[in-house]
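The data block below is my_file.cif; it holds mmCIF, N, CA and C atoms.
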```cif
data_data
#
loop_
_atom_site.label_atom_id
_atom_site.label_comp_id
_atom_site.auth_asym_id
_atom_site.auth_seq_id
_atom_site.Cartn_x
_atom_site.Cartn_y
_atom_site.Cartn_z
N MET A 1 10.08 1.02 28.30
CA MET A 1 8.62 1.06 28.35
C MET A 1 8.02 0.79 26.97
N GLU A 2 8.73 1.22 25.95
CA GLU A 2 8.22 0.98 24.59
C GLU A 2 8.15 -0.51 24.29
N ALA A 3 9.14 -1.26 24.75
CA ALA A 3 9.13 -2.71 24.55
C ALA A 3 7.94 -3.34 25.28
N MET A 4 7.65 -2.84 26.48
CA MET A 4 6.50 -3.35 27.22
C MET A 4 5.21 -3.04 26.48
N MET A 5 5.12 -1.84 25.93
CA MET A 5 3.93 -1.45 25.17
C MET A 5 3.73 -2.38 23.98
N ASN A 6 4.81 -2.70 23.28
CA ASN A 6 4.72 -3.61 22.13
C ASN A 6 4.30 -5.01 22.57
N THR A 7 4.79 -5.45 23.71
CA THR A 7 4.40 -6.76 24.23
C THR A 7 2.91 -6.78 24.56
N ILE A 8 2.42 -5.74 25.20
CA ILE A 8 1.00 -5.67 25.55
C ILE A 8 0.14 -5.61 24.29
N LYS A 9 0.58 -4.85 23.29
CA LYS A 9 -0.16 -4.79 22.02
C LYS A 9 -0.24 -6.17 21.38
N GLY A 10 0.86 -6.92 21.44
CA GLY A 10 0.86 -8.28 20.89
C GLY A 10 -0.14 -9.16 21.60
N TRP A 11 -0.23 -9.02 22.91
CA TRP A 11 -1.21 -9.80 23.67
C TRP A 11 -2.63 -9.38 23.32
N ILE A 12 -2.88 -8.08 23.22
CA ILE A 12 -4.23 -7.59 22.90
C ILE A 12 -4.69 -8.10 21.54
N GLU A 13 -3.78 -8.11 20.57
CA GLU A 13 -4.14 -8.55 19.22
C GLU A 13 -4.54 -10.02 19.18
N ASN A 14 -3.82 -10.87 19.92
CA ASN A 14 -4.14 -12.29 19.91
C ASN A 14 -3.60 -12.94 21.18
N PRO A 15 -4.40 -12.93 22.25
CA PRO A 15 -3.92 -13.46 23.53
C PRO A 15 -3.55 -14.94 23.49
N VAL A 16 -4.26 -15.74 22.71
CA VAL A 16 -3.96 -17.17 22.65
C VAL A 16 -2.61 -17.40 21.97
N LYS A 17 -2.42 -16.78 20.82
CA LYS A 17 -1.15 -16.91 20.11
C LYS A 17 0.00 -16.37 20.96
N PHE A 18 -0.23 -15.25 21.62
CA PHE A 18 0.79 -14.66 22.47
C PHE A 18 1.18 -15.62 23.60
N ALA A 19 0.20 -16.19 24.26
CA ALA A 19 0.47 -17.11 25.37
C ALA A 19 1.28 -18.31 24.89
N ARG A 20 0.83 -18.90 23.80
CA ARG A 20 1.53 -20.08 23.28
C ARG A 20 2.96 -19.75 22.88
N SER A 21 3.16 -18.60 22.26
CA SER A 21 4.52 -18.23 21.83
C SER A 21 5.43 -17.92 23.01
N HIS A 22 4.85 -17.71 24.18
CA HIS A 22 5.64 -17.45 25.38
C HIS A 22 5.63 -18.64 26.34
N GLY A 23 5.19 -19.81 25.84
CA GLY A 23 5.24 -21.03 26.63
C GLY A 23 4.23 -21.10 27.76
N VAL A 24 3.14 -20.33 27.65
CA VAL A 24 2.12 -20.34 28.69
C VAL A 24 1.05 -21.35 28.32
N THR A 25 0.76 -22.25 29.24
CA THR A 25 -0.30 -23.25 29.02
C THR A 25 -1.63 -22.61 29.35
N LEU A 26 -2.55 -22.70 28.43
CA LEU A 26 -3.88 -22.12 28.62
C LEU A 26 -4.82 -23.17 29.17
N SER A 27 -5.74 -22.71 30.01
CA SER A 27 -6.75 -23.63 30.52
C SER A 27 -7.73 -23.96 29.40
N SER A 28 -8.40 -25.07 29.54
CA SER A 28 -9.34 -25.51 28.53
C SER A 28 -10.50 -24.53 28.39
N ALA A 29 -10.89 -24.27 27.16
CA ALA A 29 -12.01 -23.36 26.90
C ALA A 29 -13.18 -24.13 26.33
N SER A 30 -13.34 -25.38 26.75
CA SER A 30 -14.38 -26.23 26.17
C SER A 30 -15.79 -25.72 26.47
N ASP A 31 -15.95 -24.94 27.53
CA ASP A 31 -17.27 -24.42 27.86
C ASP A 31 -17.69 -23.26 26.96
N VAL A 32 -16.74 -22.72 26.23
CA VAL A 32 -17.02 -21.56 25.39
C VAL A 32 -16.98 -22.01 23.93
N ALA A 33 -18.13 -21.97 23.27
CA ALA A 33 -18.22 -22.43 21.89
C ALA A 33 -17.49 -21.48 20.94
N ASN A 34 -17.63 -20.19 21.17
CA ASN A 34 -17.04 -19.19 20.30
C ASN A 34 -15.74 -18.67 20.92
N PRO A 35 -14.60 -18.90 20.25
CA PRO A 35 -13.31 -18.44 20.80
C PRO A 35 -13.27 -16.93 21.07
N ASP A 36 -14.07 -16.16 20.33
CA ASP A 36 -14.10 -14.72 20.54
C ASP A 36 -14.74 -14.33 21.87
N GLU A 37 -15.45 -15.28 22.48
CA GLU A 37 -16.10 -15.01 23.76
C GLU A 37 -15.25 -15.43 24.96
N GLN A 38 -14.08 -15.99 24.68
CA GLN A 38 -13.20 -16.38 25.76
C GLN A 38 -12.71 -15.15 26.51
N ILE A 39 -12.46 -15.33 27.77
CA ILE A 39 -11.95 -14.23 28.61
C ILE A 39 -10.47 -14.46 28.85
N HIS A 40 -9.68 -13.45 28.56
CA HIS A 40 -8.24 -13.50 28.77
C HIS A 40 -7.87 -12.34 29.69
N ILE A 41 -7.04 -12.63 30.66
CA ILE A 41 -6.63 -11.61 31.63
C ILE A 41 -5.12 -11.49 31.60
N LEU A 42 -4.65 -10.29 31.43
CA LEU A 42 -3.22 -9.99 31.47
C LEU A 42 -2.97 -9.07 32.65
N ILE A 43 -2.04 -9.46 33.50
CA ILE A 43 -1.67 -8.62 34.64
C ILE A 43 -0.29 -8.04 34.36
N VAL A 44 -0.21 -6.73 34.40
CA VAL A 44 1.04 -6.02 34.16
C VAL A 44 1.43 -5.36 35.47
N GLU A 45 2.67 -5.55 35.89
CA GLU A 45 3.09 -5.08 37.21
C GLU A 45 4.25 -4.09 37.08
N GLY A 46 4.21 -3.07 37.92
CA GLY A 46 5.29 -2.10 38.00
C GLY A 46 4.75 -0.75 38.44
N PHE A 47 5.43 -0.10 39.36
CA PHE A 47 4.87 1.13 39.93
C PHE A 47 4.99 2.33 39.00
N LEU A 48 5.77 2.25 37.93
CA LEU A 48 5.88 3.37 36.99
C LEU A 48 4.93 3.25 35.80
N LEU A 49 4.15 2.18 35.76
CA LEU A 49 3.24 1.96 34.64
C LEU A 49 2.28 3.12 34.42
N TYR A 50 1.82 3.70 35.49
CA TYR A 50 0.78 4.73 35.40
C TYR A 50 1.35 6.10 35.08
N ASN A 51 2.66 6.17 34.86
CA ASN A 51 3.30 7.42 34.48
C ASN A 51 3.74 7.39 33.02
N TYR A 52 3.33 6.39 32.30
CA TYR A 52 3.69 6.26 30.89
C TYR A 52 2.40 6.34 30.07
N PRO A 53 2.08 7.53 29.55
CA PRO A 53 0.79 7.76 28.89
C PRO A 53 0.37 6.72 27.84
N PRO A 54 1.26 6.22 26.97
CA PRO A 54 0.79 5.24 25.98
C PRO A 54 0.20 3.98 26.60
N LEU A 55 0.59 3.63 27.82
CA LEU A 55 0.07 2.43 28.46
C LEU A 55 -1.30 2.64 29.10
N LEU A 56 -1.63 3.86 29.43
CA LEU A 56 -2.82 4.12 30.25
C LEU A 56 -4.11 3.59 29.64
N ASP A 57 -4.25 3.67 28.34
CA ASP A 57 -5.48 3.20 27.69
C ASP A 57 -5.52 1.68 27.56
N ALA A 58 -4.41 1.01 27.82
CA ALA A 58 -4.37 -0.44 27.67
C ALA A 58 -4.97 -1.17 28.87
N PHE A 59 -5.18 -0.46 29.97
CA PHE A 59 -5.63 -1.11 31.20
C PHE A 59 -7.13 -0.92 31.41
N ASN A 60 -7.80 -2.02 31.74
CA ASN A 60 -9.22 -1.95 32.10
C ASN A 60 -9.38 -1.66 33.59
N LYS A 61 -8.42 -2.08 34.35
CA LYS A 61 -8.48 -1.94 35.81
C LYS A 61 -7.08 -1.61 36.29
N ARG A 62 -7.00 -0.73 37.29
CA ARG A 62 -5.69 -0.31 37.82
C ARG A 62 -5.66 -0.50 39.33
N TYR A 63 -4.63 -1.18 39.78
CA TYR A 63 -4.43 -1.38 41.22
C TYR A 63 -3.12 -0.71 41.61
N TYR A 64 -3.09 -0.20 42.81
CA TYR A 64 -1.87 0.43 43.31
C TYR A 64 -1.66 -0.03 44.75
N ILE A 65 -0.55 -0.73 44.97
CA ILE A 65 -0.23 -1.21 46.31
C ILE A 65 0.63 -0.14 46.98
N SER A 66 0.13 0.37 48.09
CA SER A 66 0.89 1.40 48.80
C SER A 66 1.33 0.89 50.16
N ILE A 67 2.50 1.36 50.57
CA ILE A 67 3.02 1.03 51.89
C ILE A 67 3.63 2.29 52.50
N PRO A 68 3.64 2.35 53.81
CA PRO A 68 4.25 3.51 54.47
C PRO A 68 5.77 3.52 54.27
N ARG A 69 6.34 4.69 54.41
CA ARG A 69 7.77 4.91 54.21
C ARG A 69 8.62 3.94 55.02
N GLU A 70 8.34 3.80 56.29
CA GLU A 70 9.17 2.94 57.15
C GLU A 70 9.14 1.48 56.70
N GLU A 71 7.97 1.01 56.29
CA GLU A 71 7.87 -0.37 55.81
C GLU A 71 8.63 -0.53 54.50
N CYS A 72 8.53 0.45 53.63
CA CYS A 72 9.26 0.41 52.36
C CYS A 72 10.77 0.36 52.63
N LYS A 73 11.21 1.20 53.54
CA LYS A 73 12.65 1.25 53.88
C LYS A 73 13.09 -0.09 54.47
N LYS A 74 12.28 -0.67 55.35
CA LYS A 74 12.61 -1.95 55.97
C LYS A 74 12.73 -3.05 54.91
N ARG A 75 11.75 -3.11 54.01
CA ARG A 75 11.77 -4.15 52.98
C ARG A 75 12.97 -3.99 52.05
N ARG A 76 13.24 -2.76 51.67
CA ARG A 76 14.37 -2.53 50.77
C ARG A 76 15.68 -2.90 51.45
N SER A 77 15.78 -2.64 52.73
CA SER A 77 17.03 -2.95 53.43
C SER A 77 17.27 -4.45 53.57
N THR A 78 16.23 -5.26 53.42
CA THR A 78 16.40 -6.71 53.54
C THR A 78 16.67 -7.38 52.20
N ARG A 79 16.57 -6.63 51.11
CA ARG A 79 16.85 -7.19 49.79
C ARG A 79 18.35 -7.43 49.63
N GLN A 80 18.68 -8.42 48.83
CA GLN A 80 20.09 -8.72 48.54
C GLN A 80 20.39 -8.30 47.09
N TYR A 81 21.05 -7.17 46.93
CA TYR A 81 21.43 -6.68 45.61
C TYR A 81 22.87 -7.07 45.31
N THR A 82 23.17 -7.30 44.02
CA THR A 82 24.54 -7.59 43.63
C THR A 82 25.45 -6.45 44.06
N VAL A 83 25.02 -5.24 43.77
CA VAL A 83 25.72 -4.05 44.24
C VAL A 83 24.82 -3.41 45.29
N PRO A 84 25.24 -3.42 46.55
CA PRO A 84 24.38 -2.88 47.60
C PRO A 84 24.11 -1.38 47.44
N ASP A 85 22.98 -0.95 47.99
CA ASP A 85 22.65 0.48 47.97
C ASP A 85 23.71 1.27 48.74
N PRO A 86 24.17 2.37 48.18
CA PRO A 86 25.08 3.22 48.96
C PRO A 86 24.32 3.89 50.09
N PRO A 87 25.01 4.27 51.15
CA PRO A 87 24.34 4.94 52.26
C PRO A 87 23.57 6.18 51.79
N GLY A 88 22.37 6.35 52.30
CA GLY A 88 21.56 7.52 51.98
C GLY A 88 20.75 7.43 50.71
N LEU A 89 20.88 6.34 49.95
CA LEU A 89 20.16 6.23 48.67
C LEU A 89 18.65 6.24 48.89
N PHE A 90 18.18 5.52 49.89
CA PHE A 90 16.74 5.45 50.12
C PHE A 90 16.18 6.84 50.42
N GLU A 91 16.76 7.53 51.38
CA GLU A 91 16.26 8.86 51.78
C GLU A 91 16.50 9.92 50.70
N GLY A 92 17.61 9.80 50.01
CA GLY A 92 17.96 10.84 49.04
C GLY A 92 17.41 10.65 47.65
N HIS A 93 17.05 9.41 47.31
CA HIS A 93 16.59 9.17 45.94
C HIS A 93 15.34 8.28 45.86
N VAL A 94 15.42 7.08 46.45
CA VAL A 94 14.35 6.09 46.27
C VAL A 94 13.00 6.63 46.74
N TRP A 95 12.91 7.05 47.99
CA TRP A 95 11.62 7.51 48.52
C TRP A 95 11.15 8.80 47.86
N PRO A 96 12.02 9.81 47.67
CA PRO A 96 11.55 11.01 46.97
C PRO A 96 11.03 10.72 45.55
N MET A 97 11.67 9.79 44.82
CA MET A 97 11.20 9.47 43.48
C MET A 97 9.87 8.70 43.53
N TYR A 98 9.72 7.85 44.54
CA TYR A 98 8.44 7.16 44.72
C TYR A 98 7.33 8.18 44.93
N LEU A 99 7.56 9.16 45.80
CA LEU A 99 6.54 10.19 46.07
C LEU A 99 6.26 11.01 44.82
N LYS A 100 7.29 11.36 44.07
CA LYS A 100 7.13 12.14 42.84
C LYS A 100 6.24 11.40 41.85
N HIS A 101 6.57 10.13 41.60
CA HIS A 101 5.81 9.35 40.62
C HIS A 101 4.40 9.05 41.11
N ARG A 102 4.24 8.84 42.39
CA ARG A 102 2.89 8.60 42.93
C ARG A 102 2.03 9.86 42.77
N THR A 103 2.60 11.03 43.06
CA THR A 103 1.87 12.29 42.90
C THR A 103 1.44 12.48 41.44
N GLU A 104 2.36 12.24 40.51
CA GLU A 104 2.02 12.36 39.08
C GLU A 104 0.89 11.41 38.71
N MET A 105 0.97 10.18 39.22
CA MET A 105 -0.07 9.19 38.94
C MET A 105 -1.42 9.66 39.47
N GLU A 106 -1.43 10.15 40.70
CA GLU A 106 -2.68 10.59 41.31
C GLU A 106 -3.26 11.81 40.60
N GLN A 107 -2.41 12.64 40.03
CA GLN A 107 -2.89 13.83 39.32
C GLN A 107 -3.41 13.51 37.93
N SER A 108 -3.24 12.27 37.49
CA SER A 108 -3.71 11.88 36.16
C SER A 108 -5.23 11.74 36.10
N CYS A 109 -5.89 11.75 37.26
CA CYS A 109 -7.35 11.63 37.37
C CYS A 109 -7.87 10.28 36.88
N LEU A 110 -7.02 9.28 36.83
CA LEU A 110 -7.47 7.94 36.48
C LEU A 110 -8.01 7.25 37.71
N ASP A 111 -8.80 6.24 37.48
CA ASP A 111 -9.42 5.49 38.57
C ASP A 111 -8.46 4.39 39.03
N PHE A 112 -8.10 4.42 40.31
CA PHE A 112 -7.21 3.42 40.89
C PHE A 112 -7.88 2.75 42.06
N GLU A 113 -7.59 1.49 42.21
CA GLU A 113 -8.00 0.74 43.40
C GLU A 113 -6.75 0.64 44.26
N TYR A 114 -6.79 1.29 45.42
CA TYR A 114 -5.63 1.26 46.31
C TYR A 114 -5.68 0.01 47.17
N LEU A 115 -4.54 -0.66 47.28
CA LEU A 115 -4.41 -1.87 48.07
C LEU A 115 -3.42 -1.61 49.20
N ASP A 116 -3.70 -2.17 50.35
CA ASP A 116 -2.87 -1.99 51.53
C ASP A 116 -1.69 -2.95 51.48
N GLY A 117 -0.50 -2.41 51.22
CA GLY A 117 0.70 -3.22 51.11
C GLY A 117 1.16 -3.84 52.41
N LEU A 118 0.50 -3.50 53.52
CA LEU A 118 0.83 -4.14 54.80
C LEU A 118 0.10 -5.46 54.97
N LYS A 119 -0.89 -5.71 54.10
CA LYS A 119 -1.60 -6.99 54.14
C LYS A 119 -0.70 -8.08 53.56
N SER A 120 -1.03 -9.32 53.84
CA SER A 120 -0.25 -10.44 53.30
C SER A 120 -0.46 -10.53 51.79
N LYS A 121 0.46 -11.21 51.12
CA LYS A 121 0.33 -11.43 49.68
C LYS A 121 -0.98 -12.15 49.37
N GLU A 122 -1.33 -13.10 50.23
CA GLU A 122 -2.55 -13.87 50.01
C GLU A 122 -3.79 -12.98 50.12
N GLU A 123 -3.80 -12.07 51.10
CA GLU A 123 -4.95 -11.17 51.26
C GLU A 123 -5.07 -10.24 50.05
N ILE A 124 -3.95 -9.72 49.58
CA ILE A 124 -3.98 -8.84 48.40
C ILE A 124 -4.44 -9.63 47.18
N TYR A 125 -3.89 -10.81 47.00
CA TYR A 125 -4.30 -11.66 45.87
C TYR A 125 -5.80 -11.91 45.91
N ASN A 126 -6.31 -12.31 47.06
CA ASN A 126 -7.74 -12.60 47.19
C ASN A 126 -8.60 -11.38 46.91
N GLN A 127 -8.16 -10.21 47.36
CA GLN A 127 -8.92 -8.98 47.11
C GLN A 127 -8.97 -8.68 45.62
N VAL A 128 -7.84 -8.80 44.94
CA VAL A 128 -7.80 -8.52 43.49
C VAL A 128 -8.59 -9.59 42.73
N TYR A 129 -8.42 -10.84 43.10
CA TYR A 129 -9.14 -11.93 42.44
C TYR A 129 -10.65 -11.74 42.55
N GLU A 130 -11.11 -11.41 43.73
CA GLU A 130 -12.55 -11.18 43.94
C GLU A 130 -13.03 -9.98 43.12
N ASP A 131 -12.24 -8.94 43.08
CA ASP A 131 -12.61 -7.74 42.32
C ASP A 131 -12.71 -8.06 40.82
N ILE A 132 -11.74 -8.82 40.31
CA ILE A 132 -11.77 -9.19 38.89
C ILE A 132 -12.99 -10.07 38.60
N GLN A 133 -13.26 -11.02 39.48
CA GLN A 133 -14.46 -11.87 39.28
C GLN A 133 -15.72 -11.03 39.26
N ASN A 134 -15.85 -10.09 40.18
CA ASN A 134 -17.03 -9.23 40.22
C ASN A 134 -17.14 -8.39 38.95
N ASN A 135 -16.03 -7.86 38.47
CA ASN A 135 -16.05 -7.08 37.24
C ASN A 135 -16.50 -7.93 36.05
N LEU A 136 -16.03 -9.14 35.99
CA LEU A 136 -16.42 -10.04 34.89
C LEU A 136 -17.90 -10.39 34.98
N LEU A 137 -18.38 -10.67 36.18
CA LEU A 137 -19.80 -11.00 36.36
C LEU A 137 -20.68 -9.81 36.01
N ASN A 138 -20.24 -8.61 36.31
CA ASN A 138 -21.02 -7.41 35.99
C ASN A 138 -21.08 -7.12 34.50
N ARG A 139 -20.17 -7.70 33.72
CA ARG A 139 -20.16 -7.49 32.27
C ARG A 139 -21.06 -8.47 31.54
N LEU A 140 -21.48 -9.52 32.23
CA LEU A 140 -22.32 -10.54 31.56
C LEU A 140 -23.73 -10.04 31.35
#
```
Take the structure in this file and express it as structure tokens.
Amino acid sequence: MEAMMNTIKGWIENPVKFARSHGVTLSSASDVANPDEQIHILIVEGFLLYNYPPLLDAFNKRYYISIPREECKKRRSTRQYTVPDPPGLFEGHVWPMYLKHRTEMEQSCLDFEYLDGLKSKEEIYNQVYEDIQNNLLNRL
């Protein structure tokens, strides 16, 4: 997590330099005369992010995709791991740890936008995209 924090700090300090050093092609900013007025968006993904206090202040917006236990179990069972899950791992470890970390996250009193993990990837993407656009428009 510390490495991730350092990566995010590098992006915050200079998003353009960070993107270029990581081989990311930036869209043209010709409409923006002042480079300081450019908008840069970094999406950080991972369900344990909200349980690492140093990261919490780095986020302007927080999304949490939730799915019911049975759907989570079904999806995990269809994954192809190099070393397969031993019998009982989901019930004995994976799901209980998910619940533990989710409870800790919810007790942090931070503002989260919950997303329905049963929706398609496209629906979730569109919901987040629209929300980000609205947030940007509200800041103008």
If you count all atoms listed in the file, which residues fall within 8 Å of segment 3-8 of chain A, apart from same-chain ones fewer than 2 positions away, as a PyMOL selection string? chain A and resi 1+10-14+54-55+58
Residues in the PyMOL selection byres (((chain A and resi 15 and name CA) around 12) and name CA), expressed as a ChimeraX atom specification: /A:7-14,16-22,24-26,35-36,38-42
Export N, CA and C atoms of the chosen residues as a JSON list (two decimals), in the frame of the given file?
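Below you can see part-v6.json, which holds the result:
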```
[["chain", "number", "residue", "atom", "x", "y", "z"],
["A", 7, "THR", "N", 4.79, -5.45, 23.71],
["A", 7, "THR", "CA", 4.40, -6.76, 24.23],
["A", 7, "THR", "C", 2.91, -6.78, 24.56],
["A", 8, "ILE", "N", 2.42, -5.74, 25.20],
["A", 8, "ILE", "CA", 1.00, -5.67, 25.55],
["A", 8, "ILE", "C", 0.14, -5.61, 24.29],
["A", 9, "LYS", "N", 0.58, -4.85, 23.29],
["A", 9, "LYS", "CA", -0.16, -4.79, 22.02],
["A", 9, "LYS", "C", -0.24, -6.17, 21.38],
["A", 10, "GLY", "N", 0.86, -6.92, 21.44],
["A", 10, "GLY", "CA", 0.86, -8.28, 20.89],
["A", 10, "GLY", "C", -0.14, -9.16, 21.60],
["A", 11, "TRP", "N", -0.23, -9.02, 22.91],
["A", 11, "TRP", "CA", -1.21, -9.80, 23.67],
["A", 11, "TRP", "C", -2.63, -9.38, 23.32],
["A", 12, "ILE", "N", -2.88, -8.08, 23.22],
["A", 12, "ILE", "CA", -4.23, -7.59, 22.90],
["A", 12, "ILE", "C", -4.69, -8.10, 21.54],
["A", 13, "GLU", "N", -3.78, -8.11, 20.57],
["A", 13, "GLU", "CA", -4.14, -8.55, 19.22],
["A", 13, "GLU", "C", -4.54, -10.02, 19.18],
["A", 14, "ASN", "N", -3.82, -10.87, 19.92],
["A", 14, "ASN", "CA", -4.14, -12.29, 19.91],
["A", 14, "ASN", "C", -3.60, -12.94, 21.18],
["A", 16, "VAL", "N", -4.26, -15.74, 22.71],
["A", 16, "VAL", "CA", -3.96, -17.17, 22.65],
["A", 16, "VAL", "C", -2.61, -17.40, 21.97],
["A", 17, "LYS", "N", -2.42, -16.78, 20.82],
["A", 17, "LYS", "CA", -1.15, -16.91, 20.11],
["A", 17, "LYS", "C", 0.00, -16.37, 20.96],
["A", 18, "PHE", "N", -0.23, -15.25, 21.62],
["A", 18, "PHE", "CA", 0.79, -14.66, 22.47],
["A", 18, "PHE", "C", 1.18, -15.62, 23.60],
["A", 19, "ALA", "N", 0.20, -16.19, 24.26],
["A", 19, "ALA", "CA", 0.47, -17.11, 25.37],
["A", 19, "ALA", "C", 1.28, -18.31, 24.89],
["A", 20, "ARG", "N", 0.83, -18.90, 23.80],
["A", 20, "ARG", "CA", 1.53, -20.08, 23.28],
["A", 20, "ARG", "C", 2.96, -19.75, 22.88],
["A", 21, "SER", "N", 3.16, -18.60, 22.26],
["A", 21, "SER", "CA", 4.52, -18.23, 21.83],
["A", 21, "SER", "C", 5.43, -17.92, 23.01],
["A", 22, "HIS", "N", 4.85, -17.71, 24.18],
["A", 22, "HIS", "CA", 5.64, -17.45, 25.38],
["A", 22, "HIS", "C", 5.63, -18.64, 26.34],
["A", 24, "VAL", "N", 3.14, -20.33, 27.65],
["A", 24, "VAL", "CA", 2.12, -20.34, 28.69],
["A", 24, "VAL", "C", 1.05, -21.35, 28.32],
["A", 25, "THR", "N", 0.76, -22.25, 29.24],
["A", 25, "THR", "CA", -0.30, -23.25, 29.02],
["A", 25, "THR", "C", -1.63, -22.61, 29.35],
["A", 26, "LEU", "N", -2.55, -22.70, 28.43],
["A", 26, "LEU", "CA", -3.88, -22.12, 28.62],
["A", 26, "LEU", "C", -4.82, -23.17, 29.17],
["A", 35, "PRO", "N", -14.60, -18.90, 20.25],
["A", 35, "PRO", "CA", -13.31, -18.44, 20.80],
["A", 35, "PRO", "C", -13.27, -16.93, 21.07],
["A", 36, "ASP", "N", -14.07, -16.16, 20.33],
["A", 36, "ASP", "CA", -14.10, -14.72, 20.54],
["A", 36, "ASP", "C", -14.74, -14.33, 21.87],
["A", 38, "GLN", "N", -14.08, -15.99, 24.68],
["A", 38, "GLN", "CA", -13.20, -16.38, 25.76],
["A", 38, "GLN", "C", -12.71, -15.15, 26.51],
["A", 39, "ILE", "N", -12.46, -15.33, 27.77],
["A", 39, "ILE", "CA", -11.95, -14.23, 28.61],
["A", 39, "ILE", "C", -10.47, -14.46, 28.85],
["A", 40, "HIS", "N", -9.68, -13.45, 28.56],
["A", 40, "HIS", "CA", -8.24, -13.50, 28.77],
["A", 40, "HIS", "C", -7.87, -12.34, 29.69],
["A", 41, "ILE", "N", -7.04, -12.63, 30.66],
["A", 41, "ILE", "CA", -6.63, -11.61, 31.63],
["A", 41, "ILE", "C", -5.12, -11.49, 31.60],
["A", 42, "LEU", "N", -4.65, -10.29, 31.43],
["A", 42, "LEU", "CA", -3.22, -9.99, 31.47],
["A", 42, "LEU", "C", -2.97, -9.07, 32.65]]
```
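One distance worth recording is that between atom CA of Ile67 of chain A and atom C of Gly117 of chain A, which is 5.2 Å.
Residues of protein, DNA and RNA with at least one atom no farther than 7 Å from (-6.2, 0.2, 37.7) are, using only C-alpha atoms, Phe59, Asn60, Lys61, Arg62, Tyr63, Asp111, Phe112 and Glu113 of chain A.
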Take the residues that were just selected and, keeping N, CA and C atoms, output them as a CSV table (one decimal), in the coordinates of the input.
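File result.csv, as written:
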```
chain,number,residue,atom,x,y,z
A,59,PHE,N,-5.2,-0.5,30.0
A,59,PHE,CA,-5.6,-1.1,31.2
A,59,PHE,C,-7.1,-0.9,31.4
A,60,ASN,N,-7.8,-2.0,31.7
A,60,ASN,CA,-9.2,-2.0,32.1
A,60,ASN,C,-9.4,-1.7,33.6
A,61,LYS,N,-8.4,-2.1,34.4
A,61,LYS,CA,-8.5,-1.9,35.8
A,61,LYS,C,-7.1,-1.6,36.3
A,62,ARG,N,-7.0,-0.7,37.3
A,62,ARG,CA,-5.7,-0.3,37.8
A,62,ARG,C,-5.7,-0.5,39.3
A,63,TYR,N,-4.6,-1.2,39.8
A,63,TYR,CA,-4.4,-1.4,41.2
A,63,TYR,C,-3.1,-0.7,41.6
A,111,ASP,N,-8.8,6.2,37.5
A,111,ASP,CA,-9.4,5.5,38.6
A,111,ASP,C,-8.5,4.4,39.0
A,112,PHE,N,-8.1,4.4,40.3
A,112,PHE,CA,-7.2,3.4,40.9
A,112,PHE,C,-7.9,2.8,42.1
A,113,GLU,N,-7.6,1.5,42.2
A,113,GLU,CA,-8.0,0.7,43.4
A,113,GLU,C,-6.8,0.6,44.3
```
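If you look at atom CA of Arg76 of chain A and atom CA of Leu89 of chain A, they are 10.7 Å away from each other.
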Evaluated on this file, the PyMOL selection byres (((chain A and resi 115 and name CA) around 12) and name CA) picks out some residues - which ones are they, written as a tab-separated table (two decimals) with N, CA and C atoms, in the coordinates of the input?
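File out-v1.tsv, as written:
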```tsv
chain	number	residue	atom	x	y	z
A	62	ARG	N	-7.00	-0.73	37.29
A	62	ARG	CA	-5.69	-0.31	37.82
A	62	ARG	C	-5.66	-0.50	39.33
A	63	TYR	N	-4.63	-1.18	39.78
A	63	TYR	CA	-4.43	-1.38	41.22
A	63	TYR	C	-3.12	-0.71	41.61
A	64	TYR	N	-3.09	-0.20	42.81
A	64	TYR	CA	-1.87	0.43	43.31
A	64	TYR	C	-1.66	-0.03	44.75
A	65	ILE	N	-0.55	-0.73	44.97
A	65	ILE	CA	-0.23	-1.21	46.31
A	65	ILE	C	0.63	-0.14	46.98
A	66	SER	N	0.13	0.37	48.09
A	66	SER	CA	0.89	1.40	48.80
A	66	SER	C	1.33	0.89	50.16
A	67	ILE	N	2.50	1.36	50.57
A	67	ILE	CA	3.02	1.03	51.89
A	67	ILE	C	3.63	2.29	52.50
A	112	PHE	N	-8.10	4.42	40.31
A	112	PHE	CA	-7.21	3.42	40.89
A	112	PHE	C	-7.88	2.75	42.06
A	113	GLU	N	-7.59	1.49	42.21
A	113	GLU	CA	-8.00	0.74	43.40
A	113	GLU	C	-6.75	0.64	44.26
A	114	TYR	N	-6.79	1.29	45.42
A	114	TYR	CA	-5.63	1.26	46.31
A	114	TYR	C	-5.68	0.01	47.17
A	116	ASP	N	-3.70	-2.17	50.35
A	116	ASP	CA	-2.87	-1.99	51.53
A	116	ASP	C	-1.69	-2.95	51.48
A	117	GLY	N	-0.50	-2.41	51.22
A	117	GLY	CA	0.70	-3.22	51.11
A	117	GLY	C	1.16	-3.84	52.41
A	118	LEU	N	0.50	-3.50	53.52
A	118	LEU	CA	0.83	-4.14	54.80
A	118	LEU	C	0.10	-5.46	54.97
A	119	LYS	N	-0.89	-5.71	54.10
A	119	LYS	CA	-1.60	-6.99	54.14
A	119	LYS	C	-0.70	-8.08	53.56
A	120	SER	N	-1.03	-9.32	53.84
A	120	SER	CA	-0.25	-10.44	53.30
A	120	SER	C	-0.46	-10.53	51.79
A	121	LYS	N	0.46	-11.21	51.12
A	121	LYS	CA	0.33	-11.43	49.68
A	121	LYS	C	-0.98	-12.15	49.37
A	123	GLU	N	-3.80	-12.07	51.10
A	123	GLU	CA	-4.95	-11.17	51.26
A	123	GLU	C	-5.07	-10.24	50.05
A	124	ILE	N	-3.95	-9.72	49.58
A	124	ILE	CA	-3.98	-8.84	48.40
A	124	ILE	C	-4.44	-9.63	47.18
A	125	TYR	N	-3.89	-10.81	47.00
A	125	TYR	CA	-4.30	-11.66	45.87
A	125	TYR	C	-5.80	-11.91	45.91
A	126	ASN	N	-6.31	-12.31	47.06
A	126	ASN	CA	-7.74	-12.60	47.19
A	126	ASN	C	-8.60	-11.38	46.91
A	127	GLN	N	-8.16	-10.21	47.36
A	127	GLN	CA	-8.92	-8.98	47.11
A	127	GLN	C	-8.97	-8.68	45.62
A	128	VAL	N	-7.84	-8.80	44.94
A	128	VAL	CA	-7.80	-8.52	43.49
A	128	VAL	C	-8.59	-9.59	42.73
A	131	ASP	N	-12.24	-8.94	43.08
A	131	ASP	CA	-12.61	-7.74	42.32
A	131	ASP	C	-12.71	-8.06	40.82
```
